[in-house]
Amino acid sequence: MNEKVKILGVPIDNIDREGVLLKLVGFLEGESLKKVYTPNPEIVMLAQQDQELYRILHEADLVLPDGIGLIIASKLKKLGLQQRITGIDTMDSLLQYCGQKGKSVFIVGGKPGTAEIACKNIERKYSGIKIAGFHHGYFKEEDEAGILDKINSGNTDILFVCLGAPKQEKWIDKYKNHLNCKIAMGVGGSVDIYAGTAKRAPVLFQKLGLEWFYRLAKEPWRAKRMAVLPQFLIRFIIKQ
Ligand code: UDP
């Protein structure tokens with residue numbers, strides 16, 4: 001078993017990419033639903049005030065550090081987090097595995113039409129994969145039973161929930177006892193990347209840990225959300 005590192009009380013799995021895939025394959029062979037989340041500093045900060053989110057992150061089966069700020073924090077206090085592991089990279093390796101093994105995936109989230117295009121692109125890219133279904137992420141509460149039905153009747157192995165944080169984490173938690181799949185994973189805007197409606201930062205930015213900067217340049221309205229990063233580091237230095 002890998003150890004957990006606590007960042008401002010939020011337990012993050014200290015694991016490398018190979019270890020993550022091994023763990024996820026194990027989850028796929030298990031009997032019960034496993035919940036996987038990929039927080040960044042913004043979510044860790046949100047969890048300081050949002051007790052429900054804090055509890056959900058504690059009850060997760062795998063929590064991956066999707067944010068360079070978490071690695072910087074870990075380095076500052078020598079907590080030993082091995083590397084940044086993004087939701088989209090993890091989703092990518094899972095999809096590849098699903099293609100090889102004929103596993104099925106379902107995507108919930110994104111604007112109407114986006115999940116459908118994402119699924120078509122995924123089907124084309126990862127031959128052998130089964131698309132159990134998709135649903136956009138702008139539904140009403142009364143539609144949720146129907147969505148659960150679609151997920152369960154499609155024999156879904158992996159459910160990717162792309163509602164943004166903390167909505168996706170709370171949605172998975174709300175239905176954890178009603179989902180028949182093996183893995184439910186919150187992966188934010190990944191649906192937009194697979195649909196081609198959003199682009200990932202160039203590899204150089206990814207390697208330098210500057211993906212956030214690229215995103216900020218492309219989507220300047222994120223500045224307010226991202227301003228939380230220095231606040232996170234200050235709080236971490238003082239409180240941890
Ligand atoms: N979204 C959704 N339903 C909502 C709110 C958001 O499906 O009620 C989708 C949105 O269309 C986008 C994704 O959730 O595809 C979240 O994107 P964002 O990049 O904001 O998430 P992050 O990865 O930053 O948490």
# chains A, B, ... in the order shown; residues from 1 in each chain; ligands from 1

$ residues_near_ligand --ligand "ligand 1" --cutoff "7 Å" --atoms "only C-alpha atoms and all ligand atoms" --output "VMD selection string"
chain A and resid 109 to 111 136 to 138 162 to 165 187 to 192

$ write_last_selection --atoms "N, CA and C atoms" --output "short mmCIF file (atom, residue, chain, number, x, y, z; two decimals), in the first residue's frame"
data_model
loop_
_atom_site.label_atom_id
_atom_site.label_comp_id
_atom_site.auth_asym_id
_atom_site.auth_seq_id
_atom_site.Cartn_x
_atom_site.Cartn_y
_atom_site.Cartn_z
N GLY A 109 -20.93 15.07 -18.16
CA GLY A 109 -20.40 16.41 -17.97
C GLY A 109 -20.19 17.15 -19.27
N GLY A 110 -19.93 18.41 -19.15
CA GLY A 110 -19.71 19.27 -20.30
C GLY A 110 -21.01 19.82 -20.85
N LYS A 111 -20.86 20.75 -21.77
CA LYS A 111 -22.05 21.36 -22.38
C LYS A 111 -22.74 20.33 -23.27
N HIS A 136 -24.69 15.10 -20.90
CA HIS A 136 -24.13 16.43 -20.64
C HIS A 136 -24.23 16.76 -19.14
N GLY A 137 -23.58 17.81 -18.74
CA GLY A 137 -23.49 18.10 -17.31
C GLY A 137 -24.41 19.21 -16.83
N TYR A 138 -25.39 19.58 -17.64
CA TYR A 138 -26.29 20.67 -17.22
C TYR A 138 -27.70 20.12 -17.02
N CYS A 162 -17.32 14.96 -15.23
CA CYS A 162 -16.67 16.22 -15.63
C CYS A 162 -17.62 17.38 -15.35
N LEU A 163 -17.83 17.66 -14.09
CA LEU A 163 -18.76 18.74 -13.72
C LEU A 163 -18.00 19.91 -13.10
N GLY A 164 -16.68 19.83 -13.06
CA GLY A 164 -15.89 20.83 -12.34
C GLY A 164 -15.93 20.52 -10.85
N ALA A 165 -14.91 21.02 -10.15
CA ALA A 165 -14.84 20.77 -8.70
C ALA A 165 -15.49 21.93 -7.95
N VAL A 187 -12.89 14.33 -13.25
CA VAL A 187 -11.80 14.78 -14.12
C VAL A 187 -12.07 16.13 -14.79
N GLY A 188 -12.86 16.99 -14.15
CA GLY A 188 -13.03 18.39 -14.57
C GLY A 188 -13.26 18.59 -16.05
N GLY A 189 -12.42 19.44 -16.62
CA GLY A 189 -12.61 19.84 -18.01
C GLY A 189 -12.06 18.86 -19.03
N SER A 190 -11.74 17.62 -18.63
CA SER A 190 -11.16 16.66 -19.59
C SER A 190 -12.09 16.39 -20.77
N VAL A 191 -13.40 16.45 -20.51
CA VAL A 191 -14.37 16.20 -21.58
C VAL A 191 -14.16 17.19 -22.72
N ASP A 192 -13.79 18.42 -22.36
CA ASP A 192 -13.58 19.44 -23.39
C ASP A 192 -12.31 19.16 -24.19
#

$ closest_atom_pairs --of "region 51-105 of chain A" --to "region 14-19 of chain A" --cutoff "7 Å" --atoms "only C-alpha atoms" --output "JSON lines"
{"residue": "A:Leu81", "atom": "CA", "partner": "A:Asn14", "partner_atom": "CA", "distance": 5.2}
{"residue": "A:Gln82", "atom": "CA", "partner": "A:Asn14", "partner_atom": "CA", "distance": 6.2}
{"residue": "A:Gln83", "atom": "CA", "partner": "A:Asp16", "partner_atom": "CA", "distance": 6.5}
{"residue": "A:Ile85", "atom": "CA", "partner": "A:Arg17", "partner_atom": "CA", "distance": 6.8}

$ closest_atom_pairs --of "region 34-54 of chain A" --to "region 62-78 of chain A" --cutoff "7 Å" --atoms "only C-alpha atoms" --output "CSV"
residue,atom,partner,partner_atom,distance
A:Lys35,CA,A:Leu62,CA,6.6
A:Val36,CA,A:Leu62,CA,4.8
A:Tyr37,CA,A:Val63,CA,5.0
A:Thr38,CA,A:Leu64,CA,4.7
A:Pro39,CA,A:Asp66,CA,5.6
A:Asn40,CA,A:Gly67,CA,4.5
A:Pro41,CA,A:Gly69,CA,6.0

$ write_last_selection --atoms "N, CA, C and O atoms" --output "PDB file, in the first residue's frame"
ATOM      1  N   LYS A  35     -13.564   5.402  -5.607  1.00  0.00           N
ATOM      2  CA  LYS A  35     -13.721   6.818  -5.930  1.00  0.00           C
ATOM      3  C   LYS A  35     -12.332   7.474  -6.063  1.00  0.00           C
ATOM      4  O   LYS A  35     -11.507   7.352  -5.160  1.00  0.00           O
ATOM      5  N   VAL A  36     -12.129   8.142  -7.191  1.00  0.00           N
ATOM      6  CA  VAL A  36     -10.821   8.722  -7.482  1.00  0.00           C
ATOM      7  C   VAL A  36     -10.981  10.225  -7.748  1.00  0.00           C
ATOM      8  O   VAL A  36     -11.812  10.623  -8.568  1.00  0.00           O
ATOM      9  N   TYR A  37     -10.170  11.033  -7.046  1.00  0.00           N
ATOM     10  CA  TYR A  37     -10.238  12.481  -7.229  1.00  0.00           C
ATOM     11  C   TYR A  37      -8.836  13.032  -7.507  1.00  0.00           C
ATOM     12  O   TYR A  37      -7.842  12.434  -7.100  1.00  0.00           O
ATOM     13  N   THR A  38      -8.812  14.174  -8.168  1.00  0.00           N
ATOM     14  CA  THR A  38      -7.519  14.748  -8.554  1.00  0.00           C
ATOM     15  C   THR A  38      -7.474  16.244  -8.169  1.00  0.00           C
ATOM     16  O   THR A  38      -7.561  17.114  -9.025  1.00  0.00           O
ATOM     17  N   PRO A  39      -7.341  16.524  -6.876  1.00  0.00           N
ATOM     18  CA  PRO A  39      -7.390  17.921  -6.436  1.00  0.00           C
ATOM     19  C   PRO A  39      -6.134  18.725  -6.785  1.00  0.00           C
ATOM     20  O   PRO A  39      -5.054  18.160  -6.950  1.00  0.00           O
ATOM     21  N   ASN A  40      -6.337  20.024  -6.898  1.00  0.00           N
ATOM     22  CA  ASN A  40      -5.233  20.980  -7.021  1.00  0.00           C
ATOM     23  C   ASN A  40      -5.277  21.875  -5.775  1.00  0.00           C
ATOM     24  O   ASN A  40      -6.156  21.689  -4.928  1.00  0.00           O
ATOM     25  N   PRO A  41      -4.352  22.833  -5.645  1.00  0.00           N
ATOM     26  CA  PRO A  41      -4.363  23.677  -4.440  1.00  0.00           C
ATOM     27  C   PRO A  41      -5.704  24.371  -4.210  1.00  0.00           C
ATOM     28  O   PRO A  41      -6.125  24.564  -3.061  1.00  0.00           O
TER      29      PRO A  41
END

$ atom_distance --atom1 "CA of Ile158 (chain A)" --atom2 "CA of Val105 (chain A)"
4.8 Å

$ residues_around --residues "region 149-154 of chain A" --least-positions-apart "5" --cutoff "7 Å" --atoms "only C-alpha atoms" --output "JSON, numbers by chain"
{"A": [106, 132, 133, 179, 180]}

$ decode --residues "region 191-236 of chain A" --atoms "N, CA and C atoms" --output "mmCIF file, in the first residue's frame"
data_model
loop_
_atom_site.group_PDB
_atom_site.id
_atom_site.type_symbol
_atom_site.label_atom_id
_atom_site.label_comp_id
_atom_site.auth_asym_id
_atom_site.auth_seq_id
_atom_site.Cartn_x
_atom_site.Cartn_y
_atom_site.Cartn_z
ATOM 1 N N VAL A 191 -13.400 16.453 -20.507
ATOM 2 C CA VAL A 191 -14.369 16.196 -21.583
ATOM 3 C C VAL A 191 -14.156 17.193 -22.721
ATOM 4 N N ASP A 192 -13.792 18.418 -22.364
ATOM 5 C CA ASP A 192 -13.578 19.443 -23.392
ATOM 6 C C ASP A 192 -12.307 19.164 -24.192
ATOM 7 N N ILE A 193 -11.321 18.587 -23.507
ATOM 8 C CA ILE A 193 -10.061 18.262 -24.201
ATOM 9 C C ILE A 193 -10.315 17.128 -25.193
ATOM 10 N N TYR A 194 -11.019 16.088 -24.752
ATOM 11 C CA TYR A 194 -11.274 14.963 -25.664
ATOM 12 C C TYR A 194 -12.206 15.369 -26.803
ATOM 13 N N ALA A 195 -13.105 16.321 -26.515
ATOM 14 C CA ALA A 195 -14.016 16.782 -27.579
ATOM 15 C C ALA A 195 -13.300 17.732 -28.531
ATOM 16 N N GLY A 196 -12.164 18.267 -28.087
ATOM 17 C CA GLY A 196 -11.416 19.203 -28.933
ATOM 18 C C GLY A 196 -11.904 20.637 -28.777
ATOM 19 N N THR A 197 -12.785 20.886 -27.809
ATOM 20 C CA THR A 197 -13.260 22.259 -27.603
ATOM 21 C C THR A 197 -12.321 23.041 -26.677
ATOM 22 N N ALA A 198 -11.395 22.357 -26.026
ATOM 23 C CA ALA A 198 -10.336 23.035 -25.257
ATOM 24 C C ALA A 198 -9.034 22.309 -25.558
ATOM 25 N N LYS A 199 -7.950 23.028 -25.423
ATOM 26 C CA LYS A 199 -6.635 22.437 -25.719
ATOM 27 C C LYS A 199 -5.797 22.368 -24.462
ATOM 28 N N ARG A 200 -5.000 21.314 -24.365
ATOM 29 C CA ARG A 200 -4.032 21.248 -23.265
ATOM 30 C C ARG A 200 -2.860 22.152 -23.579
ATOM 31 N N ALA A 201 -2.151 22.562 -22.565
ATOM 32 C CA ALA A 201 -0.952 23.370 -22.777
ATOM 33 C C ALA A 201 0.071 22.544 -23.555
ATOM 34 N N PRO A 202 0.924 23.207 -24.367
ATOM 35 C CA PRO A 202 1.986 22.460 -25.043
ATOM 36 C C PRO A 202 2.857 21.702 -24.028
ATOM 37 N N VAL A 203 3.457 20.611 -24.515
ATOM 38 C CA VAL A 203 4.211 19.713 -23.629
ATOM 39 C C VAL A 203 5.274 20.454 -22.817
ATOM 40 N N LEU A 204 5.914 21.462 -23.451
ATOM 41 C CA LEU A 204 6.958 22.194 -22.737
ATOM 42 C C LEU A 204 6.385 22.840 -21.472
ATOM 43 N N PHE A 205 5.199 23.447 -21.592
ATOM 44 C CA PHE A 205 4.541 24.063 -20.428
ATOM 45 C C PHE A 205 4.237 22.984 -19.380
ATOM 46 N N GLN A 206 3.772 21.820 -19.864
ATOM 47 C CA GLN A 206 3.444 20.725 -18.930
ATOM 48 C C GLN A 206 4.692 20.309 -18.160
ATOM 49 N N LYS A 207 5.813 20.157 -18.912
ATOM 50 C CA LYS A 207 7.056 19.673 -18.287
ATOM 51 C C LYS A 207 7.600 20.679 -17.274
ATOM 52 N N LEU A 208 7.408 21.972 -17.572
ATOM 53 C CA LEU A 208 7.934 23.007 -16.676
ATOM 54 C C LEU A 208 6.984 23.294 -15.515
ATOM 55 N N GLY A 209 5.857 22.585 -15.486
ATOM 56 C CA GLY A 209 4.879 22.826 -14.418
ATOM 57 C C GLY A 209 4.159 24.154 -14.615
ATOM 58 N N LEU A 210 4.062 24.602 -15.875
ATOM 59 C CA LEU A 210 3.459 25.912 -16.138
ATOM 60 C C LEU A 210 2.123 25.800 -16.878
ATOM 61 N N GLU A 211 1.476 24.650 -16.743
ATOM 62 C CA GLU A 211 0.201 24.450 -17.432
ATOM 63 C C GLU A 211 -0.811 25.507 -16.969
ATOM 64 N N TRP A 212 -0.738 25.827 -15.669
ATOM 65 C CA TRP A 212 -1.662 26.815 -15.108
ATOM 66 C C TRP A 212 -1.482 28.167 -15.780
ATOM 67 N N PHE A 213 -0.223 28.515 -16.137
ATOM 68 C CA PHE A 213 0.070 29.810 -16.743
ATOM 69 C C PHE A 213 -0.535 29.882 -18.150
ATOM 70 N N TYR A 214 -0.406 28.765 -18.873
ATOM 71 C CA TYR A 214 -0.973 28.672 -20.214
ATOM 72 C C TYR A 214 -2.486 28.842 -20.150
ATOM 73 N N ARG A 215 -3.089 28.165 -19.169
ATOM 74 C CA ARG A 215 -4.540 28.221 -19.013
ATOM 75 C C ARG A 215 -5.000 29.633 -18.665
ATOM 76 N N LEU A 216 -4.201 30.277 -17.844
ATOM 77 C CA LEU A 216 -4.521 31.650 -17.438
ATOM 78 C C LEU A 216 -4.468 32.584 -18.645
ATOM 79 N N ALA A 217 -3.455 32.372 -19.499
ATOM 80 C CA ALA A 217 -3.323 33.221 -20.685
ATOM 81 C C ALA A 217 -4.504 32.996 -21.632
ATOM 82 N N LYS A 218 -4.955 31.743 -21.720
ATOM 83 C CA LYS A 218 -6.057 31.417 -22.643
ATOM 84 C C LYS A 218 -7.415 31.808 -22.059
ATOM 85 N N GLU A 219 -7.531 31.668 -20.751
ATOM 86 C CA GLU A 219 -8.824 31.917 -20.097
ATOM 87 C C GLU A 219 -8.588 32.893 -18.941
ATOM 88 N N PRO A 220 -8.373 34.205 -19.290
ATOM 89 C CA PRO A 220 -7.987 35.176 -18.243
ATOM 90 C C PRO A 220 -9.007 35.312 -17.121
ATOM 91 N N TRP A 221 -10.262 34.948 -17.364
ATOM 92 C CA TRP A 221 -11.275 35.019 -16.308
ATOM 93 C C TRP A 221 -10.965 34.071 -15.150
ATOM 94 N N ARG A 222 -9.993 33.197 -15.347
ATOM 95 C CA ARG A 222 -9.595 32.283 -14.268
ATOM 96 C C ARG A 222 -8.707 32.963 -13.222
ATOM 97 N N ALA A 223 -8.266 34.186 -13.504
ATOM 98 C CA ALA A 223 -7.293 34.855 -12.621
ATOM 99 C C ALA A 223 -7.768 34.843 -11.169
ATOM 100 N N LYS A 224 -9.069 35.133 -10.972
ATOM 101 C CA LYS A 224 -9.583 35.225 -9.608
ATOM 102 C C LYS A 224 -9.466 33.870 -8.899
ATOM 103 N N ARG A 225 -9.834 32.802 -9.654
ATOM 104 C CA ARG A 225 -9.742 31.452 -9.085
ATOM 105 C C ARG A 225 -8.299 31.094 -8.771
ATOM 106 N N MET A 226 -7.394 31.507 -9.674
ATOM 107 C CA MET A 226 -5.994 31.101 -9.503
ATOM 108 C C MET A 226 -5.273 31.904 -8.420
ATOM 109 N N ALA A 227 -5.841 33.059 -8.064
ATOM 110 C CA ALA A 227 -5.214 33.886 -7.035
ATOM 111 C C ALA A 227 -5.115 33.131 -5.717
ATOM 112 N N VAL A 228 -5.824 32.036 -5.640
ATOM 113 C CA VAL A 228 -5.823 31.249 -4.418
ATOM 114 C C VAL A 228 -4.484 30.513 -4.214
ATOM 115 N N LEU A 229 -3.710 30.360 -5.289
ATOM 116 C CA LEU A 229 -2.446 29.610 -5.173
ATOM 117 C C LEU A 229 -1.465 30.250 -4.181
ATOM 118 N N PRO A 230 -1.170 31.587 -4.316
ATOM 119 C CA PRO A 230 -0.291 32.174 -3.286
ATOM 120 C C PRO A 230 -0.895 32.076 -1.884
ATOM 121 N N GLN A 231 -2.217 32.226 -1.791
ATOM 122 C CA GLN A 231 -2.873 32.107 -0.466
ATOM 123 C C GLN A 231 -2.658 30.704 0.097
ATOM 124 N N PHE A 232 -2.739 29.724 -0.798
ATOM 125 C CA PHE A 232 -2.531 28.329 -0.394
ATOM 126 C C PHE A 232 -1.122 28.150 0.172
ATOM 127 N N LEU A 233 -0.126 28.676 -0.561
ATOM 128 C CA LEU A 233 1.266 28.480 -0.128
ATOM 129 C C LEU A 233 1.527 29.186 1.212
ATOM 130 N N ILE A 234 0.965 30.385 1.371
ATOM 131 C CA ILE A 234 1.164 31.126 2.626
ATOM 132 C C ILE A 234 0.526 30.350 3.784
ATOM 133 N N ARG A 235 -0.707 29.902 3.562
ATOM 134 C CA ARG A 235 -1.404 29.160 4.616
ATOM 135 C C ARG A 235 -0.646 27.868 4.962
ATOM 136 N N PHE A 236 -0.148 27.223 3.901
ATOM 137 C CA PHE A 236 0.586 25.969 4.092
ATOM 138 C C PHE A 236 1.853 26.206 4.919
#
